[in-house]
Amino acid sequence: MADAREVGDPGVLAEALLLEARVLLEVHEKAAGAALLREAVEAAFTAGADEIAVEAWGHLAWATSTNDTESAGEPPEGRAIILAVASRLSGRVGPMSLYNNLAMSEPYASDRVAARELLQRGLALSTTAGHSGRSLRATLLVNLANVEDDPTARGRLLAEATAEWAAIAGPEHPRTLRARGIQAVDLPDLHRSAQELSQI
C-alpha cells in the first residue's frame with residue numbers, strides 16, 4: 001500500500017486498496033475494509049478503471065449492509081450508476097462480484113426472488129469470464145442454492161459448486177468443505193446427512 005500511494009497512479013492505488021480491503025473482509029474487519037473500499041471506488045473512477053470501481057462498490061455495499069456494529073458506516077450511494085456501468089462490462093469478473101455482493105446485501109437479501117435474479121445474472125457472465133471467474137462462479141452457485149426453493153435445483157447447484165471448488169482448490173479446502181456441508185444439511189435422509197457431516 002505504501003508503494004502504491006507513492007507511485008501516485010490512481011489505477012494502481014485502486015487495485016491495491018481493493019486487494020487489501022478484500023483481505024480485511026475475509027478476517028471480518030468490515031469497518032476497516034469499508035473505509036478502504038470507499039477510497040478504492042473514488043480512485044478507480046478517477047483512473048477510469050470501471051471494473052475495479054464496480055467490484056469495490058459491491059464489496060462496500062455488502063460490508064456496510066452486513067456489519068451490525070456501531071462502526072458499520074453509511075451504505076454507499078450511486079447504486080443505479082454502478083449497475084449501469086456494470087451492464088457495459090460483459091464477461092468481466094467485476095460485475096459478477098457486484099451481483100453476488102448485492103444479492104447478499106439489503107434490500108435484496110430479504111427478497112429471495114430479487115437475490116436469485118442478481119445471482120443468475122452473475123452466473124450468466126461467468127461463461128465468458130475465463131479462469132479468473134471460476135472461484136467466483138463457485139461462490140455464486142452456493143449463494144444461488146441458498147435462495148433456491150426447488151429441492152432438485154438446489155441439489156444440482158450445490159453438487160456443481162462442490163465439484164467446482166474441489167477442482168479449483170482441492171477436496172479439503174474450507175470452501176469445498178463448506179459447499180459439501182450445505183449439501184449434507186440439505187439431504188432428506190437425516191442419517192446420511194449426519195454421516196456426511198461427520199466426515200466433513
# chains A, B, ... in the order shown; residues from 1 in each chain; ligands from 1
call {"tool": "residues_around", "arguments": {"residues": "A:Thr127", "least_positions_apart": "4", "cutoff": "12 Å", "atoms": "only C-alpha atoms", "output": "list of chain:residue names"}}
result
A:Ser90, A:Gly91, A:Arg92, A:Val93, A:Met96, A:Gln120, A:Arg121, A:Gly122, A:Leu123, A:His131, A:Ser132, A:Gly133, A:Arg134, A:Leu136, A:Arg137
call {"tool": "residues_around", "arguments": {"residues": "stretch 168-174 of chain A", "least_positions_apart": "3", "cutoff": "10 Å", "atoms": "only C-alpha atoms", "output": "PyMOL selection string"}}
result
chain A and resi 131+134-135+138+162-165+177-180+200
call {"tool": "write_last_selection", "arguments": {"atoms": "N, CA and C atoms", "output": "mmCIF file, in the first residue's frame"}}
result
data_model
loop_
_atom_site.group_PDB
_atom_site.id
_atom_site.type_symbol
_atom_site.label_atom_id
_atom_site.label_comp_id
_atom_site.auth_asym_id
_atom_site.auth_seq_id
_atom_site.Cartn_x
_atom_site.Cartn_y
_atom_site.Cartn_z
ATOM 1 N N HIS A 131 -10.718 -18.102 -16.637
ATOM 2 C CA HIS A 131 -10.199 -18.752 -15.436
ATOM 3 C C HIS A 131 -10.374 -17.889 -14.192
ATOM 4 N N ARG A 134 -13.586 -18.433 -12.089
ATOM 5 C CA ARG A 134 -14.006 -19.768 -11.644
ATOM 6 C C ARG A 134 -14.407 -19.813 -10.175
ATOM 7 N N SER A 135 -13.568 -19.255 -9.303
ATOM 8 C CA SER A 135 -13.899 -19.302 -7.876
ATOM 9 C C SER A 135 -15.138 -18.468 -7.579
ATOM 10 N N ALA A 138 -18.157 -20.496 -8.468
ATOM 11 C CA ALA A 138 -18.476 -21.465 -7.424
ATOM 12 C C ALA A 138 -19.205 -20.803 -6.261
ATOM 13 N N THR A 162 -19.725 -27.762 -5.340
ATOM 14 C CA THR A 162 -18.752 -28.622 -4.646
ATOM 15 C C THR A 162 -17.701 -29.132 -5.619
ATOM 16 N N ALA A 163 -18.146 -29.587 -6.785
ATOM 17 C CA ALA A 163 -17.210 -30.079 -7.799
ATOM 18 C C ALA A 163 -16.288 -28.959 -8.278
ATOM 19 N N GLU A 164 -16.835 -27.757 -8.422
ATOM 20 C CA GLU A 164 -16.035 -26.622 -8.890
ATOM 21 C C GLU A 164 -14.975 -26.249 -7.862
ATOM 22 N N TRP A 165 -15.371 -26.167 -6.587
ATOM 23 C CA TRP A 165 -14.400 -25.832 -5.546
ATOM 24 C C TRP A 165 -13.326 -26.909 -5.419
ATOM 25 N N LEU A 177 -15.295 -27.787 1.580
ATOM 26 C CA LEU A 177 -15.963 -28.405 2.727
ATOM 27 C C LEU A 177 -17.251 -27.668 3.086
ATOM 28 N N ARG A 178 -17.234 -26.354 2.942
ATOM 29 C CA ARG A 178 -18.452 -25.571 3.222
ATOM 30 C C ARG A 178 -19.566 -25.963 2.255
ATOM 31 N N ALA A 179 -19.225 -26.069 0.967
ATOM 32 C CA ALA A 179 -20.224 -26.463 -0.026
ATOM 33 C C ALA A 179 -20.743 -27.866 0.262
ATOM 34 N N ARG A 180 -19.841 -28.774 0.639
ATOM 35 C CA ARG A 180 -20.261 -30.140 0.993
ATOM 36 C C ARG A 180 -21.159 -30.120 2.224
ATOM 37 N N ILE A 200 -17.036 -34.542 7.048
ATOM 38 C CA ILE A 200 -16.567 -33.185 6.768
ATOM 39 C C ILE A 200 -15.847 -32.608 7.975
#
call {"tool": "atom_distance", "arguments": {"atom1": "atom CA of A:Val41", "atom2": "atom CA of A:Arg116"}}
result
25.7 Å
call {"tool": "select_by_dssp", "arguments": {"residues": "stretch 68-182 of chain A", "states": "alpha helix (DSSP H)", "output": "number ranges by chain"}}
result
A: 79-87, 93-103, 112-126, 134-146, 151-169, 174-182
call {"tool": "closest_atom_pairs", "arguments": {"of": "stretch 89-139 of chain A", "to": "stretch 57-64 of chain A", "cutoff": "9 Å", "atoms": "only C-alpha atoms", "output": "JSON lines"}}
result
{"residue": "A:Gly94", "atom": "CA", "partner": "A:Gly58", "partner_atom": "CA", "distance": 8.7}
{"residue": "A:Pro95", "atom": "CA", "partner": "A:Gly58", "partner_atom": "CA", "distance": 8.6}
{"residue": "A:Ser97", "atom": "CA", "partner": "A:Gly58", "partner_atom": "CA", "distance": 6.8}
{"residue": "A:Leu98", "atom": "CA", "partner": "A:Gly58", "partner_atom": "CA", "distance": 4.4}
{"residue": "A:Tyr99", "atom": "CA", "partner": "A:Gly58", "partner_atom": "CA", "distance": 7.4}
{"residue": "A:Asn100", "atom": "CA", "partner": "A:Gly58", "partner_atom": "CA", "distance": 8.1}
{"residue": "A:Asn101", "atom": "CA", "partner": "A:Gly58", "partner_atom": "CA", "distance": 5.4}
{"residue": "A:Leu102", "atom": "CA", "partner": "A:Gly58", "partner_atom": "CA", "distance": 6.3}
{"residue": "A:Ala103", "atom": "CA", "partner": "A:Trp62", "partner_atom": "CA", "distance": 8.8}
{"residue": "A:Met104", "atom": "CA", "partner": "A:Trp62", "partner_atom": "CA", "distance": 6.6}
{"residue": "A:Ser105", "atom": "CA", "partner": "A:Trp62", "partner_atom": "CA", "distance": 5.1}
{"residue": "A:Glu106", "atom": "CA", "partner": "A:Trp62", "partner_atom": "CA", "distance": 8.1}
call {"tool": "closest_residue", "arguments": {"among": "A:Leu197, A:Ala145, A:Ile82, A:Ala153", "to": "A:Arg112", "atoms": "only C-alpha atoms"}}
result
A:Ala145
call {"tool": "atom_distance", "arguments": {"atom1": "atom CA of A:Arg5", "atom2": "atom CA of A:Pro75"}}
result
25.6 Å
call {"tool": "residues_around", "arguments": {"residues": "A:Pro188", "least_positions_apart": "4", "cutoff": "12 Å", "atoms": "only C-alpha atoms", "output": "compact mmCIF listing (two decimals) with N, CA, C and O atoms, in the first residue's frame"}}
result
# COMPACT_ATOMS: atom_id res chain seq x y z
N PRO A 151 -36.06 -28.15 -4.38
CA PRO A 151 -35.02 -29.03 -3.83
C PRO A 151 -34.12 -29.66 -4.88
O PRO A 151 -32.91 -29.79 -4.67
N THR A 152 -34.70 -30.05 -6.01
CA THR A 152 -33.90 -30.68 -7.07
C THR A 152 -32.89 -29.70 -7.65
O THR A 152 -31.71 -30.01 -7.82
N GLY A 155 -30.14 -29.00 -5.09
CA GLY A 155 -29.17 -30.08 -5.03
C GLY A 155 -28.21 -30.06 -6.21
O GLY A 155 -27.00 -30.29 -6.04
N GLN A 183 -24.57 -29.10 1.29
CA GLN A 183 -25.17 -30.25 0.61
C GLN A 183 -25.68 -31.26 1.63
O GLN A 183 -26.79 -31.78 1.51
N ALA A 184 -24.86 -31.56 2.63
CA ALA A 184 -25.21 -32.57 3.63
C ALA A 184 -26.43 -32.17 4.44
O ALA A 184 -27.33 -32.98 4.68
N ARG A 192 -27.96 -40.21 6.65
CA ARG A 192 -26.91 -39.95 5.65
C ARG A 192 -26.31 -38.56 5.84
O ARG A 192 -25.12 -38.35 5.71
N SER A 193 -27.19 -37.61 6.19
CA SER A 193 -26.73 -36.25 6.43
C SER A 193 -25.73 -36.21 7.58
O SER A 193 -24.67 -35.58 7.49
N ALA A 194 -26.05 -36.91 8.66
CA ALA A 194 -25.17 -36.96 9.83
C ALA A 194 -23.82 -37.60 9.48
O ALA A 194 -22.76 -37.14 9.93
call {"tool": "closest_residue", "arguments": {"among": "A:Leu89, A:Val142, A:Met1, A:Ile81", "to": "A:Thr128", "atoms": "only C-alpha atoms"}}
result
A:Leu89
call {"tool": "residues_around", "arguments": {"residues": "stretch 25-29 of chain A", "least_positions_apart": "6", "cutoff": "12 Å", "atoms": "only C-alpha atoms", "output": "list in words"}}
result
Leu18, Leu19, Ala35, Leu36, Leu37, Ala56, His59, Leu60, Trp62, Ala63, Thr64, Thr66, Asn67, Asp68, Thr69, Ser71 and Ala72 of chain A
call {"tool": "write_last_selection", "arguments": {"atoms": "C-alpha atoms", "output": "PDB file, in the first residue's frame"}}
result
ATOM      1  CA  LEU A  18      -9.340  -3.313  -3.289  1.00  0.00           C
ATOM      2  CA  LEU A  19      -6.947  -6.176  -2.578  1.00  0.00           C
ATOM      3  CA  ALA A  35     -13.034   2.618   4.592  1.00  0.00           C
ATOM      4  CA  LEU A  36     -10.524   1.324   2.043  1.00  0.00           C
ATOM      5  CA  LEU A  37     -13.277   0.357  -0.388  1.00  0.00           C
ATOM      6  CA  ALA A  56     -15.103  -2.335  -4.910  1.00  0.00           C
ATOM      7  CA  HIS A  59     -17.914  -5.264  -1.630  1.00  0.00           C
ATOM      8  CA  LEU A  60     -18.641  -1.944   0.073  1.00  0.00           C
ATOM      9  CA  TRP A  62     -22.051  -5.923   1.334  1.00  0.00           C
ATOM     10  CA  ALA A  63     -19.694  -4.779   4.111  1.00  0.00           C
ATOM     11  CA  THR A  64     -21.959  -1.963   5.272  1.00  0.00           C
ATOM     12  CA  THR A  66     -23.937  -6.946   6.919  1.00  0.00           C
ATOM     13  CA  ASN A  67     -21.957  -5.037   9.567  1.00  0.00           C
ATOM     14  CA  ASP A  68     -24.275  -4.716  12.561  1.00  0.00           C
ATOM     15  CA  THR A  69     -21.779  -2.876  14.768  1.00  0.00           C
ATOM     16  CA  SER A  71     -18.892   1.275  13.054  1.00  0.00           C
ATOM     17  CA  ALA A  72     -20.970  -0.049  10.137  1.00  0.00           C
TER      18      ALA A  72
END
call {"tool": "atom_distance", "arguments": {"atom1": "atom CA of A:Ala115", "atom2": "atom CA of A:Glu51"}}
result
21.3 Å
call {"tool": "decode", "arguments": {"residues": "stretch 21-42 of chain A", "atoms": "N, CA, C and O atoms", "output": "PDB file, in the first residue's frame"}}
result
ATOM      1  N   ALA A  21      -8.559  -4.413   1.071  1.00  0.00           N
ATOM      2  CA  ALA A  21      -9.904  -4.432   1.635  1.00  0.00           C
ATOM      3  C   ALA A  21     -10.488  -5.840   1.629  1.00  0.00           C
ATOM      4  O   ALA A  21     -11.138  -6.264   2.594  1.00  0.00           O
ATOM      5  N   ARG A  22     -10.251  -6.580   0.555  1.00  0.00           N
ATOM      6  CA  ARG A  22     -10.775  -7.954   0.481  1.00  0.00           C
ATOM      7  C   ARG A  22     -10.157  -8.831   1.566  1.00  0.00           C
ATOM      8  O   ARG A  22     -10.842  -9.674   2.160  1.00  0.00           O
ATOM      9  N   VAL A  23      -8.870  -8.620   1.854  1.00  0.00           N
ATOM     10  CA  VAL A  23      -8.234  -9.360   2.950  1.00  0.00           C
ATOM     11  C   VAL A  23      -8.899  -9.010   4.277  1.00  0.00           C
ATOM     12  O   VAL A  23      -9.198  -9.887   5.094  1.00  0.00           O
ATOM     13  N   LEU A  24      -9.163  -7.728   4.502  1.00  0.00           N
ATOM     14  CA  LEU A  24      -9.803  -7.303   5.749  1.00  0.00           C
ATOM     15  C   LEU A  24     -11.205  -7.894   5.886  1.00  0.00           C
ATOM     16  O   LEU A  24     -11.618  -8.308   6.976  1.00  0.00           O
ATOM     17  N   LEU A  25     -11.954  -7.967   4.788  1.00  0.00           N
ATOM     18  CA  LEU A  25     -13.292  -8.555   4.842  1.00  0.00           C
ATOM     19  C   LEU A  25     -13.219 -10.041   5.160  1.00  0.00           C
ATOM     20  O   LEU A  25     -14.078 -10.570   5.877  1.00  0.00           O
ATOM     21  N   GLU A  26     -12.194 -10.716   4.636  1.00  0.00           N
ATOM     22  CA  GLU A  26     -12.032 -12.149   4.899  1.00  0.00           C
ATOM     23  C   GLU A  26     -11.825 -12.422   6.392  1.00  0.00           C
ATOM     24  O   GLU A  26     -12.226 -13.469   6.891  1.00  0.00           O
ATOM     25  N   VAL A  27     -11.176 -11.492   7.093  1.00  0.00           N
ATOM     26  CA  VAL A  27     -10.940 -11.690   8.533  1.00  0.00           C
ATOM     27  C   VAL A  27     -11.944 -10.894   9.366  1.00  0.00           C
ATOM     28  O   VAL A  27     -11.716 -10.607  10.530  1.00  0.00           O
ATOM     29  N   HIS A  28     -13.072 -10.541   8.738  1.00  0.00           N
ATOM     30  CA  HIS A  28     -14.224  -9.916   9.412  1.00  0.00           C
ATOM     31  C   HIS A  28     -13.947  -8.522   9.963  1.00  0.00           C
ATOM     32  O   HIS A  28     -14.584  -8.092  10.922  1.00  0.00           O
ATOM     33  N   GLU A  29     -12.997  -7.817   9.355  1.00  0.00           N
ATOM     34  CA  GLU A  29     -12.736  -6.426   9.723  1.00  0.00           C
ATOM     35  C   GLU A  29     -13.511  -5.541   8.742  1.00  0.00           C
ATOM     36  O   GLU A  29     -12.924  -4.864   7.884  1.00  0.00           O
ATOM     37  N   LYS A  30     -14.829  -5.556   8.872  1.00  0.00           N
ATOM     38  CA  LYS A  30     -15.672  -4.919   7.855  1.00  0.00           C
ATOM     39  C   LYS A  30     -15.563  -3.398   7.848  1.00  0.00           C
ATOM     40  O   LYS A  30     -15.556  -2.783   6.787  1.00  0.00           O
ATOM     41  N   ALA A  31     -15.484  -2.779   9.006  1.00  0.00           N
ATOM     42  CA  ALA A  31     -15.404  -1.321   9.049  1.00  0.00           C
ATOM     43  C   ALA A  31     -14.107  -0.828   8.406  1.00  0.00           C
ATOM     44  O   ALA A  31     -14.117   0.113   7.604  1.00  0.00           O
ATOM     45  N   ALA A  32     -12.994  -1.478   8.740  1.00  0.00           N
ATOM     46  CA  ALA A  32     -11.703  -1.088   8.155  1.00  0.00           C
ATOM     47  C   ALA A  32     -11.700  -1.358   6.654  1.00  0.00           C
ATOM     48  O   ALA A  32     -11.204  -0.546   5.863  1.00  0.00           O
ATOM     49  N   GLY A  33     -12.273  -2.479   6.256  1.00  0.00           N
ATOM     50  CA  GLY A  33     -12.352  -2.797   4.835  1.00  0.00           C
ATOM     51  C   GLY A  33     -13.208  -1.799   4.079  1.00  0.00           C
ATOM     52  O   GLY A  33     -12.860  -1.374   2.973  1.00  0.00           O
ATOM     53  N   ALA A  34     -14.325  -1.404   4.689  1.00  0.00           N
ATOM     54  CA  ALA A  34     -15.231  -0.451   4.036  1.00  0.00           C
ATOM     55  C   ALA A  34     -14.557   0.892   3.801  1.00  0.00           C
ATOM     56  O   ALA A  34     -14.749   1.520   2.757  1.00  0.00           O
ATOM     57  N   ALA A  35     -13.739   1.342   4.753  1.00  0.00           N
ATOM     58  CA  ALA A  35     -13.034   2.618   4.592  1.00  0.00           C
ATOM     59  C   ALA A  35     -12.110   2.570   3.373  1.00  0.00           C
ATOM     60  O   ALA A  35     -12.049   3.525   2.583  1.00  0.00           O
ATOM     61  N   LEU A  36     -11.411   1.459   3.197  1.00  0.00           N
ATOM     62  CA  LEU A  36     -10.524   1.324   2.043  1.00  0.00           C
ATOM     63  C   LEU A  36     -11.324   1.197   0.742  1.00  0.00           C
ATOM     64  O   LEU A  36     -10.909   1.704  -0.298  1.00  0.00           O
ATOM     65  N   LEU A  37     -12.462   0.533   0.811  1.00  0.00           N
ATOM     66  CA  LEU A  37     -13.277   0.357  -0.388  1.00  0.00           C
ATOM     67  C   LEU A  37     -13.848   1.684  -0.883  1.00  0.00           C
ATOM     68  O   LEU A  37     -13.929   1.912  -2.089  1.00  0.00           O
ATOM     69  N   ARG A  38     -14.230   2.570   0.038  1.00  0.00           N
ATOM     70  CA  ARG A  38     -14.715   3.898  -0.379  1.00  0.00           C
ATOM     71  C   ARG A  38     -13.608   4.636  -1.150  1.00  0.00           C
ATOM     72  O   ARG A  38     -13.859   5.259  -2.184  1.00  0.00           O
ATOM     73  N   GLU A  39     -12.394   4.542  -0.628  1.00  0.00           N
ATOM     74  CA  GLU A  39     -11.262   5.193  -1.298  1.00  0.00           C
ATOM     75  C   GLU A  39     -10.973   4.521  -2.637  1.00  0.00           C
ATOM     76  O   GLU A  39     -10.635   5.178  -3.618  1.00  0.00           O
ATOM     77  N   ALA A  40     -11.137   3.187  -2.686  1.00  0.00           N
ATOM     78  CA  ALA A  40     -10.878   2.442  -3.914  1.00  0.00           C
ATOM     79  C   ALA A  40     -11.851   2.835  -5.022  1.00  0.00           C
ATOM     80  O   ALA A  40     -11.460   2.987  -6.183  1.00  0.00           O
ATOM     81  N   VAL A  41     -13.127   2.993  -4.666  1.00  0.00           N
ATOM     82  CA  VAL A  41     -14.133   3.391  -5.661  1.00  0.00           C
ATOM     83  C   VAL A  41     -13.771   4.747  -6.256  1.00  0.00           C
ATOM     84  O   VAL A  41     -13.785   4.934  -7.477  1.00  0.00           O
ATOM     85  N   GLU A  42     -13.413   5.692  -5.387  1.00  0.00           N
ATOM     86  CA  GLU A  42     -13.065   7.033  -5.851  1.00  0.00           C
ATOM     87  C   GLU A  42     -11.827   7.006  -6.742  1.00  0.00           C
ATOM     88  O   GLU A  42     -11.800   7.624  -7.818  1.00  0.00           O
TER      89      GLU A  42
END
